[in-house]
Amino acid sequence: MTKPLAHRIALVTGASRGIGYATAIALAKAGAHIVATARTQGGLEELDDEIRKDGGSATLVPLNLTDTDGIARLGAGLHERYGKLDILVGNAGVLGPSSPIGHIELKAFNDVMAVNVSANFQLIRCMEPLLRQSDAGRAVFVTSGAANKATAYVSPYAASKAALETLARAWAQETANTKLRVNLFNPGPVRTRMRATLMPGEDPATLDTPEQVAEFIVPMCAPDWTETGKFYDYKTRSLMSFRAPA
């Protein structure tokens with residue numbers, strides 16, 4: 001029986017742990033070849049082992065996404081090897097400092113923006129031509145409720161996710177008349193290392209796992225997904241449209 005994502009190429013950032021790791025495995029189980037990026041070689045090798053256990057395949061790309069030239073080289077390499085990209089999951093992100101705004105150094109703020117915003121901007125620039133070569137290019141960016149709640153004490157993270165959402169929505173509008181679909185995914189509180197850092201007293205057993213979340217990202221990457229410029233909220237299991245403030 002043919003798998004739904006057979007012969008499709010999927011690039012997943014931040015794939016060495018958490019939601020990125022689980023999503024890469026879920027996409028591979030659906031038949032996609034995974035191009036996995038992360039800073040840690042060891043985490044990528046563990047991912048490769050898991051994917052191969054189920055008969056899947058992966059290409060490992062150790063890459064710090066602040067290396068914008070490295071992202072450009074990755075795009076060139078994908079073009080040379082496959083001539084297209086079918087799926088982009090922009091998952092990589094950093095939390096940054098948890099402090100009042102006045103206590104945060106400019107460098108710390110810029111470091112968060114570099115990973116959560118600028119890297120995704122470069123990914124869009126370098127991967128759009130490849131996604132347009134697909135018969136059904138799909139891009140999903142992982143966001144956070146902090147973006148619209150403007151959560152206190154994590155202002156760099158909240159601001160970066162708000163910027164990411166606007167960037168993705170603008171791209172969705174620019175590509176609305178193409179075969180490319182661009183959407184956002186908000187996982188909410190999930191049992192990840194980032195969540196444990198932010199909420200050290202929280203019982204992780206009360207949270208859903210990255211594997212549970214990943215099962216809802218996979219359909220957004222499929223050729224039969226037609227929505228664009230939307231926001232999937234995992235907690236409420238609902239696909240939402242953005243509206244102007246009242």
# chains A, B, ... in the order shown; residues from 1 in each chain; ligands from 1
>>> residues_around(residues="Leu123 in chain A", least_positions_apart="6", cutoff="10 Å", atoms="only C-alpha atoms", output="list of chain:residue names")
A:Thr13, A:Leu65, A:Thr68, A:Ile71, A:Ala72, A:Leu74, A:Gly75, A:Leu88, A:Gly90, A:Val117
>>> write_last_selection(atoms="all heavy atoms", output="mmCIF file, in the first residue's frame")
data_model
loop_
_atom_site.group_PDB
_atom_site.id
_atom_site.type_symbol
_atom_site.label_atom_id
_atom_site.label_comp_id
_atom_site.auth_asym_id
_atom_site.auth_seq_id
_atom_site.Cartn_x
_atom_site.Cartn_y
_atom_site.Cartn_z
ATOM 1 N N THR A 13 13.408 21.589 10.451
ATOM 2 C CA THR A 13 14.442 22.250 11.249
ATOM 3 C C THR A 13 14.225 21.957 12.735
ATOM 4 O O THR A 13 13.106 21.702 13.176
ATOM 5 C CB THR A 13 14.450 23.769 11.008
ATOM 6 O OG1 THR A 13 13.260 24.358 11.560
ATOM 7 C CG2 THR A 13 14.553 24.097 9.528
ATOM 8 N N LEU A 65 21.174 27.465 12.469
ATOM 9 C CA LEU A 65 20.367 28.281 11.568
ATOM 10 C C LEU A 65 20.742 29.760 11.577
ATOM 11 O O LEU A 65 20.262 30.522 10.727
ATOM 12 C CB LEU A 65 18.884 28.116 11.884
ATOM 13 C CG LEU A 65 18.290 26.750 11.539
ATOM 14 C CD1 LEU A 65 16.804 26.710 11.873
ATOM 15 C CD2 LEU A 65 18.507 26.395 10.072
ATOM 16 N N THR A 68 23.350 31.895 7.972
ATOM 17 C CA THR A 68 22.473 32.147 6.825
ATOM 18 C C THR A 68 23.097 31.673 5.509
ATOM 19 O O THR A 68 22.382 31.230 4.609
ATOM 20 C CB THR A 68 22.108 33.629 6.733
ATOM 21 O OG1 THR A 68 23.305 34.423 6.747
ATOM 22 C CG2 THR A 68 21.234 34.042 7.916
ATOM 23 N N ILE A 71 22.305 28.043 5.217
ATOM 24 C CA ILE A 71 20.948 27.797 4.715
ATOM 25 C C ILE A 71 20.924 27.916 3.198
ATOM 26 O O ILE A 71 20.293 27.109 2.500
ATOM 27 C CB ILE A 71 19.945 28.774 5.360
ATOM 28 C CG1 ILE A 71 19.824 28.506 6.861
ATOM 29 C CG2 ILE A 71 18.574 28.663 4.682
ATOM 30 C CD1 ILE A 71 18.970 29.513 7.605
ATOM 31 N N ALA A 72 21.629 28.919 2.667
ATOM 32 C CA ALA A 72 21.694 29.087 1.212
ATOM 33 C C ALA A 72 22.375 27.888 0.561
ATOM 34 O O ALA A 72 21.926 27.404 -0.494
ATOM 35 C CB ALA A 72 22.433 30.375 0.865
ATOM 36 N N LEU A 74 22.398 24.880 1.746
ATOM 37 C CA LEU A 74 21.449 23.773 1.847
ATOM 38 C C LEU A 74 20.438 23.838 0.701
ATOM 39 O O LEU A 74 20.133 22.825 0.066
ATOM 40 C CB LEU A 74 20.736 23.813 3.195
ATOM 41 C CG LEU A 74 19.604 22.802 3.396
ATOM 42 C CD1 LEU A 74 20.107 21.371 3.227
ATOM 43 C CD2 LEU A 74 18.967 22.993 4.775
ATOM 44 N N GLY A 75 19.927 25.030 0.427
ATOM 45 C CA GLY A 75 18.999 25.189 -0.681
ATOM 46 C C GLY A 75 19.619 24.789 -2.005
ATOM 47 O O GLY A 75 18.995 24.087 -2.818
ATOM 48 N N LEU A 88 8.276 21.940 3.988
ATOM 49 C CA LEU A 88 9.167 22.669 4.902
ATOM 50 C C LEU A 88 8.465 22.799 6.242
ATOM 51 O O LEU A 88 7.365 23.361 6.321
ATOM 52 C CB LEU A 88 9.477 24.063 4.348
ATOM 53 C CG LEU A 88 10.150 25.048 5.320
ATOM 54 C CD1 LEU A 88 11.511 24.529 5.780
ATOM 55 C CD2 LEU A 88 10.285 26.427 4.685
ATOM 56 N N GLY A 90 9.207 24.551 9.615
ATOM 57 C CA GLY A 90 10.061 25.487 10.339
ATOM 58 C C GLY A 90 9.776 25.380 11.830
ATOM 59 O O GLY A 90 8.925 26.098 12.368
ATOM 60 N N VAL A 117 13.284 34.296 13.890
ATOM 61 C CA VAL A 117 12.745 35.123 12.804
ATOM 62 C C VAL A 117 13.676 35.135 11.591
ATOM 63 O O VAL A 117 13.306 34.691 10.495
ATOM 64 C CB VAL A 117 12.482 36.570 13.265
ATOM 65 C CG1 VAL A 117 11.814 37.358 12.135
ATOM 66 C CG2 VAL A 117 11.626 36.604 14.508
#
>>> select_by_dssp(residues="range 23-136 of chain A", states="strand (DSSP E or B)", output="number ranges by chain")
A: 33-38, 58-62, 87-90
>>> write_last_selection(atoms="all heavy atoms", output="short mmCIF file (atom, residue, chain, number, x, y, z; two decimals), in the first residue's frame")
data_model
loop_
_atom_site.label_atom_id
_atom_site.label_comp_id
_atom_site.auth_asym_id
_atom_site.auth_seq_id
_atom_site.Cartn_x
_atom_site.Cartn_y
_atom_site.Cartn_z
N HIS A 33 10.96 11.35 2.51
CA HIS A 33 12.39 11.35 2.82
C HIS A 33 12.67 12.61 3.61
O HIS A 33 12.31 13.73 3.19
CB HIS A 33 13.23 11.35 1.55
CG HIS A 33 14.69 11.48 1.82
ND1 HIS A 33 15.47 10.43 2.27
CD2 HIS A 33 15.52 12.56 1.76
CE1 HIS A 33 16.71 10.85 2.46
NE2 HIS A 33 16.76 12.14 2.15
N ILE A 34 13.31 12.48 4.75
CA ILE A 34 13.51 13.59 5.67
C ILE A 34 14.90 14.21 5.50
O ILE A 34 15.91 13.51 5.53
CB ILE A 34 13.36 13.13 7.14
CG1 ILE A 34 12.01 12.42 7.34
CG2 ILE A 34 13.49 14.32 8.08
CD1 ILE A 34 10.80 13.23 6.98
N VAL A 35 14.92 15.52 5.32
CA VAL A 35 16.16 16.29 5.39
C VAL A 35 16.11 16.99 6.75
O VAL A 35 15.31 17.91 6.95
CB VAL A 35 16.27 17.31 4.24
CG1 VAL A 35 17.58 18.10 4.37
CG2 VAL A 35 16.19 16.60 2.89
N ALA A 36 16.91 16.51 7.68
CA ALA A 36 16.81 16.94 9.07
C ALA A 36 17.96 17.87 9.43
O ALA A 36 19.13 17.51 9.23
CB ALA A 36 16.81 15.74 10.00
N THR A 37 17.65 19.04 9.96
CA THR A 37 18.68 19.96 10.41
C THR A 37 18.58 20.17 11.92
O THR A 37 17.50 20.17 12.50
CB THR A 37 18.59 21.33 9.72
OG1 THR A 37 17.51 22.09 10.29
CG2 THR A 37 18.38 21.19 8.23
N ALA A 38 19.72 20.34 12.54
CA ALA A 38 19.82 20.67 13.96
C ALA A 38 21.27 21.01 14.25
O ALA A 38 22.16 20.74 13.43
CB ALA A 38 19.36 19.51 14.84
N ALA A 58 16.62 9.25 5.67
CA ALA A 58 16.86 10.64 6.07
C ALA A 58 18.23 11.11 5.59
O ALA A 58 19.15 10.30 5.42
CB ALA A 58 16.77 10.78 7.59
N THR A 59 18.34 12.40 5.38
CA THR A 59 19.62 13.07 5.14
C THR A 59 19.85 14.00 6.31
O THR A 59 18.99 14.82 6.64
CB THR A 59 19.59 13.89 3.83
OG1 THR A 59 19.32 13.00 2.74
CG2 THR A 59 20.91 14.60 3.60
N LEU A 60 20.99 13.87 6.97
CA LEU A 60 21.29 14.65 8.17
C LEU A 60 22.13 15.86 7.81
O LEU A 60 23.15 15.74 7.12
CB LEU A 60 22.03 13.79 9.19
CG LEU A 60 21.38 12.43 9.53
CD1 LEU A 60 22.20 11.72 10.60
CD2 LEU A 60 19.93 12.61 9.97
N VAL A 61 21.71 17.03 8.29
CA VAL A 61 22.42 18.27 7.98
C VAL A 61 22.69 19.02 9.29
O VAL A 61 21.85 19.80 9.76
CB VAL A 61 21.60 19.17 7.03
CG1 VAL A 61 22.41 20.40 6.64
CG2 VAL A 61 21.17 18.40 5.79
N PRO A 62 23.85 18.79 9.93
CA PRO A 62 24.20 19.58 11.12
C PRO A 62 24.34 21.05 10.70
O PRO A 62 25.16 21.37 9.84
CB PRO A 62 25.54 18.99 11.56
CG PRO A 62 25.60 17.64 10.90
CD PRO A 62 24.87 17.79 9.61
N ILE A 87 8.04 19.74 1.27
CA ILE A 87 7.57 20.09 2.61
C ILE A 87 8.66 20.84 3.36
O ILE A 87 9.81 20.41 3.39
CB ILE A 87 7.18 18.82 3.40
CG1 ILE A 87 6.04 18.06 2.71
CG2 ILE A 87 6.80 19.15 4.85
CD1 ILE A 87 5.89 16.62 3.17
N LEU A 88 8.28 21.94 3.99
CA LEU A 88 9.17 22.67 4.90
C LEU A 88 8.47 22.80 6.24
O LEU A 88 7.37 23.36 6.32
CB LEU A 88 9.48 24.06 4.35
CG LEU A 88 10.15 25.05 5.32
CD1 LEU A 88 11.51 24.53 5.78
CD2 LEU A 88 10.29 26.43 4.69
N VAL A 89 9.07 22.26 7.29
CA VAL A 89 8.56 22.43 8.65
C VAL A 89 9.56 23.29 9.41
O VAL A 89 10.65 22.83 9.77
CB VAL A 89 8.34 21.09 9.37
CG1 VAL A 89 7.84 21.33 10.80
CG2 VAL A 89 7.35 20.23 8.60
N GLY A 90 9.21 24.55 9.62
CA GLY A 90 10.06 25.49 10.34
C GLY A 90 9.78 25.38 11.83
O GLY A 90 8.93 26.10 12.37
#
>>> residues_around(residues="range 98-107 of chain A", least_positions_apart="5", cutoff="9 Å", atoms="only C-alpha atoms", output="count of residues only")
8
>>> closest_residue(among="A:Lys53, A:Asp86, A:Ala214, A:Lys179", to="Ala15 in chain A", atoms="only C-alpha atoms")
A:Ala214
>>> residues_around(residues="Arg39 in chain A", least_positions_apart="5", cutoff="8 Å", atoms="only C-alpha atoms", output="ChimeraX atom specification")
/A:14,16,62-64
>>> closest_residue(among="A:Arg138, A:Arg17, A:Lys3, A:Arg8", to="Tyr82 in chain A", atoms="only C-alpha atoms")
A:Arg8
>>> atom_distance(atom1="CA of Phe231 in chain A", atom2="CA of Thr166 in chain A")
11.4 Å
>>> select_by_dssp(residues="range 16-159 of chain A", states="alpha helix (DSSP H)", output="compact mmCIF listing (two decimals) with C-alpha atoms, in the first residue's frame")
# COMPACT_ATOMS: atom_id res chain seq x y z
CA GLY A 18 11.06 17.64 20.84
CA ILE A 19 8.41 18.49 18.29
CA GLY A 20 10.89 18.60 15.40
CA TYR A 21 12.17 15.10 16.22
CA ALA A 22 8.66 13.67 16.52
CA THR A 23 7.47 15.41 13.35
CA ALA A 24 10.42 14.12 11.34
CA ILE A 25 9.63 10.56 12.46
CA ALA A 26 5.91 10.95 11.72
CA LEU A 27 6.59 12.36 8.24
CA ALA A 28 9.03 9.52 7.54
CA LYS A 29 6.43 6.94 8.61
CA GLN A 41 25.08 15.75 15.44
CA GLY A 42 24.27 13.19 18.14
CA GLY A 43 20.58 14.05 18.18
CA LEU A 44 20.42 13.81 14.41
CA GLU A 45 22.07 10.38 14.47
CA GLU A 46 19.50 9.16 17.00
CA LEU A 47 16.76 10.46 14.71
CA ASP A 48 18.29 8.63 11.75
CA ASP A 49 18.33 5.39 13.73
CA GLU A 50 14.64 5.76 14.62
CA ILE A 51 13.62 6.57 11.06
CA ARG A 52 15.56 3.61 9.66
CA LYS A 53 13.91 1.25 12.17
CA THR A 68 22.47 32.15 6.83
CA ASP A 69 25.07 31.21 4.22
CA GLY A 70 24.70 27.62 5.37
CA ILE A 71 20.95 27.80 4.71
CA ALA A 72 21.69 29.09 1.21
CA ARG A 73 24.12 26.20 0.64
CA LEU A 74 21.45 23.77 1.85
CA GLY A 75 19.00 25.19 -0.68
CA ALA A 76 21.56 24.84 -3.46
CA GLY A 77 22.31 21.26 -2.39
CA LEU A 78 18.61 20.33 -2.40
CA HIS A 79 18.24 21.86 -5.85
CA GLU A 80 21.18 19.88 -7.17
CA ARG A 81 20.08 16.59 -5.62
CA LEU A 106 20.37 43.59 23.57
CA LYS A 107 22.55 40.67 22.47
CA ALA A 108 20.21 38.17 24.14
CA PHE A 109 17.25 39.75 22.36
CA ASN A 110 19.04 39.68 19.01
CA ASP A 111 20.05 36.04 19.52
CA VAL A 112 16.38 35.02 19.87
CA MET A 113 15.35 37.02 16.82
CA ALA A 119 16.58 32.14 10.07
CA ASN A 120 13.01 31.49 8.92
CA PHE A 121 13.18 34.54 6.66
CA GLN A 122 16.29 33.04 5.04
CA LEU A 123 14.64 29.63 4.80
CA ILE A 124 11.71 31.20 2.95
CA ARG A 125 14.04 33.04 0.57
CA CYS A 126 16.11 29.95 -0.20
CA MET A 127 13.39 27.28 -0.21
CA GLU A 128 10.55 29.03 -2.02
CA PRO A 129 11.95 28.30 -5.51
CA LEU A 130 12.25 24.62 -4.58
CA LEU A 131 8.77 24.48 -3.03
CA ARG A 132 7.34 26.02 -6.19
CA ALA A 146 2.89 33.80 23.54
CA ALA A 147 2.74 35.71 20.25
CA ASN A 148 -0.81 36.95 20.70
CA LYS A 149 -0.88 36.88 24.49
CA SER A 155 9.23 39.27 25.63
CA PRO A 156 11.97 38.33 23.12
CA TYR A 157 10.32 34.94 22.51
CA ALA A 158 6.81 36.42 22.28
CA ALA A 159 7.95 39.19 19.94
>>> atom_distance(atom1="CA of Leu184 in chain A", atom2="CA of Ala162 in chain A")
11.2 Å
>>> closest_residue(among="A:Ile217, A:Arg181, A:Ala168, A:Thr226", to="Phe242 in chain A", atoms="only C-alpha atoms")
A:Ala168
>>> closest_residue(among="A:Ser118, A:Ser134, A:Thr143, A:Thr66", to="Leu85 in chain A", atoms="only C-alpha atoms")
A:Ser134
>>> residues_around(residues="Gly145 in chain A", least_positions_apart="4", cutoff="10 Å", atoms="only C-alpha atoms", output="PyMOL selection string")
chain A and resi 149-151+158+161-162+185-189+233
>>> write_last_selection(atoms="N, CA, C and O atoms", output="CSV table (one decimal), in the first residue's frame")
chain,number,residue,atom,x,y,z
A,149,LYS,N,-0.6,36.5,23.1
A,149,LYS,CA,-0.9,36.9,24.5
A,149,LYS,C,0.1,37.9,25.0
A,149,LYS,O,-0.1,38.5,26.1
A,150,ALA,N,1.2,38.2,24.2
A,150,ALA,CA,2.3,39.1,24.7
A,150,ALA,C,2.7,38.7,26.1
A,150,ALA,O,2.7,39.6,27.0
A,151,THR,N,3.0,37.5,26.3
A,151,THR,CA,3.3,36.9,27.6
A,151,THR,C,4.5,37.7,28.3
A,151,THR,O,5.5,37.9,27.7
A,158,ALA,N,8.1,36.0,22.7
A,158,ALA,CA,6.8,36.4,22.3
A,158,ALA,C,6.9,37.3,21.0
A,158,ALA,O,6.1,37.1,20.1
A,161,LYS,N,7.9,35.3,17.9
A,161,LYS,CA,6.9,34.4,17.4
A,161,LYS,C,5.8,35.3,16.7
A,161,LYS,O,5.2,34.9,15.7
A,162,ALA,N,5.5,36.5,17.2
A,162,ALA,CA,4.6,37.4,16.5
A,162,ALA,C,5.1,37.8,15.2
A,162,ALA,O,4.4,37.9,14.2
A,185,PHE,N,1.3,26.6,13.0
A,185,PHE,CA,0.8,25.6,14.0
A,185,PHE,C,1.2,25.9,15.4
A,185,PHE,O,2.4,26.2,15.7
A,186,ASN,N,0.2,26.0,16.3
A,186,ASN,CA,0.5,26.4,17.7
A,186,ASN,C,0.3,25.1,18.5
A,186,ASN,O,-0.8,24.7,18.7
A,187,PRO,N,1.4,24.5,19.0
A,187,PRO,CA,1.2,23.3,19.8
A,187,PRO,C,0.7,23.5,21.2
A,187,PRO,O,0.2,22.6,21.8
A,188,GLY,N,0.8,24.7,21.8
A,188,GLY,CA,0.5,24.9,23.2
A,188,GLY,C,1.5,24.3,24.1
A,188,GLY,O,2.6,23.9,23.7
A,189,PRO,N,1.1,24.1,25.4
A,189,PRO,CA,2.0,23.4,26.3
A,189,PRO,C,2.3,22.0,25.9
A,189,PRO,O,1.3,21.2,25.8
A,233,ASP,N,-4.6,25.5,15.9
A,233,ASP,CA,-4.4,25.5,17.4
A,233,ASP,C,-4.6,24.1,17.9
A,233,ASP,O,-5.7,23.6,17.9
>>> atom_distance(atom1="CA of Asp203 in chain A", atom2="CA of Glu215 in chain A")
22.7 Å
